[in-house]
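K.L.:
Dropping a structure here in structure tokens format, bear with me for questions.
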Amino acid sequence: MNTKHQTTSFSPVTRRSFLKNGAIVTAGIASLSLPARAQVNKNSKLRIFQIGVGGIGSMQRGGLKGHPMVEWAGFCDVDSRETEKIKTQHPDAWTLSDYREAFANKVADFDAVIVDVPDFHHATAMLTAMKHSKHIYGQKPLVHQLSELKMVRDGLKARPGLVTQMGNQRSCNRGRMMSVEILRKNQLGRPVEAYVWTGGVSRGHYFADPWSAYTPAKPVPDYLNWDLWRGPLTSEMPYSDDLAPRRWRTFWETGGGQLADWGCHLLDLLYFAYDMPAPEAVITHTPKPPSASHTAHNLSTITYPGGGKFAREKFVVHYNDDGLMPSFAALNLPPTKVGSNHTMVVCEEGTLLLQADGVPVIYRKGKEVEDEPLPQTTPRNHWKDWADNCLGDHKPLWTPFDIGWRITEPALLAVKATRYPGQELRWDAENFRFKDNEKANNEILSRNYREGFAPPTVS
């Protein structure tokens with residue numbers, strides 16, 4: 001990737017010379033004002049600290065591969081197999097098992113943080129980075145608890161100059177960007193309602209079966225620091241390979257099931273196109289409440305204020321898992337073979353259907369349109385655009401945290417409402433609480449954090 005950087009006639013102040021000359025002593029780059037840090041970054045490489053090396057962590061490194069201004073400062077993983085492997089790939093970088101040590105002892109050695117850990121660690125890791133004025137790339141869903149949305153929102157207000165990006169790489173797909181433009185300019189008329197659905201929920205690479213109990217405890221492998229993996233959890237969760245390294249998504253205390261896992265990849269289209277207001281209410285129908293693990297066969301209705309840019313007084317999103325799609329006949333659409341992970345937006349003059357990695361299918365007057373004009377889009381690079389912005393450039397980013405937390409909000413509401421099947425919960429978005437429902441506020445709004453692992457206040 002060719003990245004242009006400004007040059008001047010004077011000798012540039014590089015990050016290393018700044019440190020060498022003693023201008024930064026303990027806090028390093030983090031102590032600089034954000035404009036000053038941007039100037040330093042323009043003249044040196046962006047040094048990144050990655051928390052969570054295995055699994056999806058390799059995708060982030062691959063996305064940044066070849067960027068001439070990116071260096072890997074350090075890596076953290078609770079699995080020593082992963083840190084040993086990364087040492088062979090990046091021998092000049094340091095490795096840790098506890099990311100808190102990096103902020104305590106190495107904070108001057110990196111400028112940005114990538115967070116690729118299970119959902120229940122997100123808020124603490126990201127807010128710790130935010131508190132230390134580090135640019136952040138954070139995985140989706142942005143947080144695990146509804147109360148953590150407010151923490152992120154308030155942190156962004158306290159650190160407005162940070163460059164952030166949620167791990168929503170599909171947003172840069174050409175089909176998705178075209179769909180945003182079609183909807184944004186009301187090419188199909190104003191939006192009426194939306195239908196969104198994920199795939200099936202069953203045991204596989206990332207999930208155990210819904211309503212599963214924890215499997216009997218197994219001996220913790222020598223390579224895994226189970227205490228650090230548990231992190232903020234106050235319960236003595238038994239180790240099993242159904243939790244680590246990947247099936248933690250199944251369980252209430254650690255993940256968000258299919259609805260949270262896919263929400264940011266599917267609901268984002270609505271937020272990009274319509275700059276959605278905050279939800280007003282949620283109701284999720286499910287066969288029975290969750291146990292230790294999440295439910296399935298969930299049908300969730302999320303209600304937003306409408307009017308104006310919307311065709312009705314309320315804009316309703318039907319968000320389901322398990323491949324539960326709407327009736328095409330009822331929507332006056334032709335029989336169509338459709339799989340999982342789709343977003344359908346019904347508008348006044350037509351309907352747009354988009355698979356997560358696909359191109360838009362347009363229907364008008366009950367028929368698929370073969371020659372619908374499709375807008376031109378500018379290619380974007382999800383990862384390298386983030387790095388370029390950290391380095392002081394000004395490129396559009398599809399999912400900075402200020403919209404990322406808002407996209408996460410309806411996904412979490414749908415998930416948390418499974419605790420109360422068929423009961424409508426009214427959401428007070430301004431105060432991040434449920435209206436007139438203290439039981440819900442006490443049970444599904446937030447969590448207790450183990451000492452030493454709570455998200456810090458960013459001020």
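For the structure tokens, the naming scheme is as follows: chains receive sequential letters (A, B, ...) according to their order of presentation, residues are indexed from 1 within each chain, and ligands are indexed from 1 in presentation order.
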Give me the residues within 9 Å of Gly200 of chain A as JSON, numbers by chain, counting only C-alpha atoms and dropping any in the same chain fewer than 4 places off.
P.N.:
{"A": [258, 296, 297, 321, 322, 323, 324, 340]}
K.L.:
Mind the document's chain letters and residue numbers, and return as a VMD selection string the residues of segment 342-375 of chain A that DSSP labels strand (DSSP E).
P.N.:
chain A and resid 342 to 347 351 to 355 361 to 364 367 to 368
K.L.:
Contacts of Lys395 of chain A at 9 Å or less, counting only C-alpha atoms, minus same-chain residues fewer than 2 places along, as a list in words?
P.N.:
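Selected residues are Asp385, Trp386, Asp388, Asn389, Asp393 and Leu397 of chain A.
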K.L.:
Quick one: residues within 9 Å of segment 332-334 of chain A, only C-alpha atoms counted, chain neighbours fewer than 2 positions away excluded, as number ranges by chain?
P.N.:
A: 327-330, 336, 351, 363-368
K.L.:
Identify which of the residues A:Gly452, A:Pro245, A:Gly255, A:Gly167 lies closest to Leu224 of chain A, counting only C-alpha atoms when measuring atom-to-atom distances.
P.N.:
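That would be A:Pro245, the residue with the smallest distance to Leu224 of chain A.
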K.L.:
Just the residues within 9 Å of Lys157 of chain A, please, counting only C-alpha atoms, with nothing from its chain fewer than 4 positions along; format it as a CSV table (one decimal) with N, CA and C atoms, in the first residue's frame.
P.N.:
chain,number,residue,atom,x,y,z
A,152,VAL,N,-17.9,2.9,27.1
A,152,VAL,CA,-17.2,3.2,25.8
A,152,VAL,C,-17.6,4.6,25.3
A,153,ARG,N,-18.9,4.9,25.3
A,153,ARG,CA,-19.4,6.2,24.9
A,153,ARG,C,-18.7,7.3,25.7
A,459,SER,N,-11.2,9.5,31.9
A,459,SER,CA,-11.6,10.8,32.2
A,459,SER,C,-10.5,11.8,31.7
K.L.:
Check segment 126-348 of chain A with DSSP on the backbone and list each residue it calls alpha helix (DSSP H), as a VMD selection string.
P.N.:
chain A and resid 126 to 131 146 to 158 174 to 184 226 to 230 257 to 266 268 to 274
K.L.:
When distances are computed from only C-alpha atoms, which of A:Asp402, A:Glu193, A:Glu409, A:Asp98 shows the smallest separation from Gly350 of chain A?
P.N.:
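Counting only C-alpha atoms, the residue closest to Gly350 of chain A is A:Glu193.
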K.L.:
Each residue of segment 353-448 of chain A lying at most 12 Å from segment 115-137 of chain A should get a row with its shortest atom-to-atom pair and the distance in Å to one decimal, counting only C-alpha atoms; could you produce that, ordered by chain and increasing number, as JSON lines?
P.N.:
{"residue": "A:His382", "atom": "CA", "partner": "A:Tyr137", "partner_atom": "CA", "distance": 10.4}
{"residue": "A:Trp383", "atom": "CA", "partner": "A:Tyr137", "partner_atom": "CA", "distance": 8.7}
{"residue": "A:Lys384", "atom": "CA", "partner": "A:Tyr137", "partner_atom": "CA", "distance": 11.2}
{"residue": "A:Asp385", "atom": "CA", "partner": "A:Tyr137", "partner_atom": "CA", "distance": 11.4}
{"residue": "A:Trp386", "atom": "CA", "partner": "A:Tyr137", "partner_atom": "CA", "distance": 7.9}
{"residue": "A:Ala387", "atom": "CA", "partner": "A:His135", "partner_atom": "CA", "distance": 9.1}
{"residue": "A:Asp388", "atom": "CA", "partner": "A:His135", "partner_atom": "CA", "distance": 11.4}
{"residue": "A:Asn389", "atom": "CA", "partner": "A:His135", "partner_atom": "CA", "distance": 9.5}
{"residue": "A:Cys390", "atom": "CA", "partner": "A:His135", "partner_atom": "CA", "distance": 6.6}
{"residue": "A:Leu391", "atom": "CA", "partner": "A:His135", "partner_atom": "CA", "distance": 10.0}
{"residue": "A:Gly392", "atom": "CA", "partner": "A:His135", "partner_atom": "CA", "distance": 11.4}
{"residue": "A:Leu397", "atom": "CA", "partner": "A:Tyr137", "partner_atom": "CA", "distance": 11.6}
{"residue": "A:Thr399", "atom": "CA", "partner": "A:Tyr137", "partner_atom": "CA", "distance": 10.0}
{"residue": "A:Pro400", "atom": "CA", "partner": "A:Tyr137", "partner_atom": "CA", "distance": 8.7}
{"residue": "A:Phe401", "atom": "CA", "partner": "A:Tyr137", "partner_atom": "CA", "distance": 8.9}
{"residue": "A:Gly404", "atom": "CA", "partner": "A:Tyr137", "partner_atom": "CA", "distance": 11.0}
{"residue": "A:Trp405", "atom": "CA", "partner": "A:Ala123", "partner_atom": "CA", "distance": 11.0}
{"residue": "A:Thr408", "atom": "CA", "partner": "A:Asp119", "partner_atom": "CA", "distance": 11.7}
{"residue": "A:Leu412", "atom": "CA", "partner": "A:Asp119", "partner_atom": "CA", "distance": 11.6}
{"residue": "A:Ser446", "atom": "CA", "partner": "A:Phe120", "partner_atom": "CA", "distance": 11.2}
{"residue": "A:Arg447", "atom": "CA", "partner": "A:Phe120", "partner_atom": "CA", "distance": 9.9}
{"residue": "A:Asn448", "atom": "CA", "partner": "A:Phe120", "partner_atom": "CA", "distance": 11.5}
K.L.:
Tell me, as a VMD selection string, which residues lie within 10 Å of Trp398 of chain A, counting only C-alpha atoms; anything in the same chain fewer than 6 positions away does not count.
P.N.:
chain A and resid 165 to 166 168 to 172 177 268 272 380 to 382 385 to 386 404
K.L.:
Choose the residue, out of A:Cys264, A:Val78, A:Val163, A:Ile302, that has the smallest atom-to-atom separation from Asp222 of chain A; count only C-alpha atoms.
P.N.:
A:Val78
K.L.:
Given the choices A:Gly138, A:Pro238, A:Pro277, A:Gly257, which gets closest to Val113 of chain A if the distance is worked out from only C-alpha atoms?
P.N.:
A:Gly138
K.L.:
Using Å and a single decimal, report how far atom CA of Leu259 of chain A sits from atom CA of Tyr449 of chain A.
P.N.:
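Going from atom CA of Tyr449 of chain A over to atom CA of Leu259 of chain A covers 23.6 Å.
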K.L.:
Give me the residues near Thr377 of chain A as JSON, numbers by chain, where near means some atom within 10 Å (using only C-alpha atoms) and where sequence neighbours in that chain fewer than 6 positions away do not count.
P.N.:
{"A": [172, 173, 174, 175, 176, 177, 178, 181]}
K.L.:
Mind giving me the straight-line distance from atom CA of Val220 of chain A to atom CA of Phe453 of chain A in Å, one decimal?
P.N.:
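Between atom CA of Val220 of chain A and atom CA of Phe453 of chain A the gap works out to 21.1 Å.
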K.L.:
Between A:Leu413, A:Cys76, A:Val346, A:Leu269, which is the closest to Arg190 of chain A once you count only C-alpha atoms?
P.N.:
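Looking only at the distances to Arg190 of chain A, the closest residue turns out to be A:Val346.
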K.L.:
Of the candidates A:Leu374, A:Ala260, A:Val458, A:Cys347, which shows the shortest atom-to-atom distance to Ala414 of chain A, using only C-alpha atoms?
P.N.:
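When distances to Ala414 of chain A are compared using only C-alpha atoms, the smallest one comes from A:Ala260.
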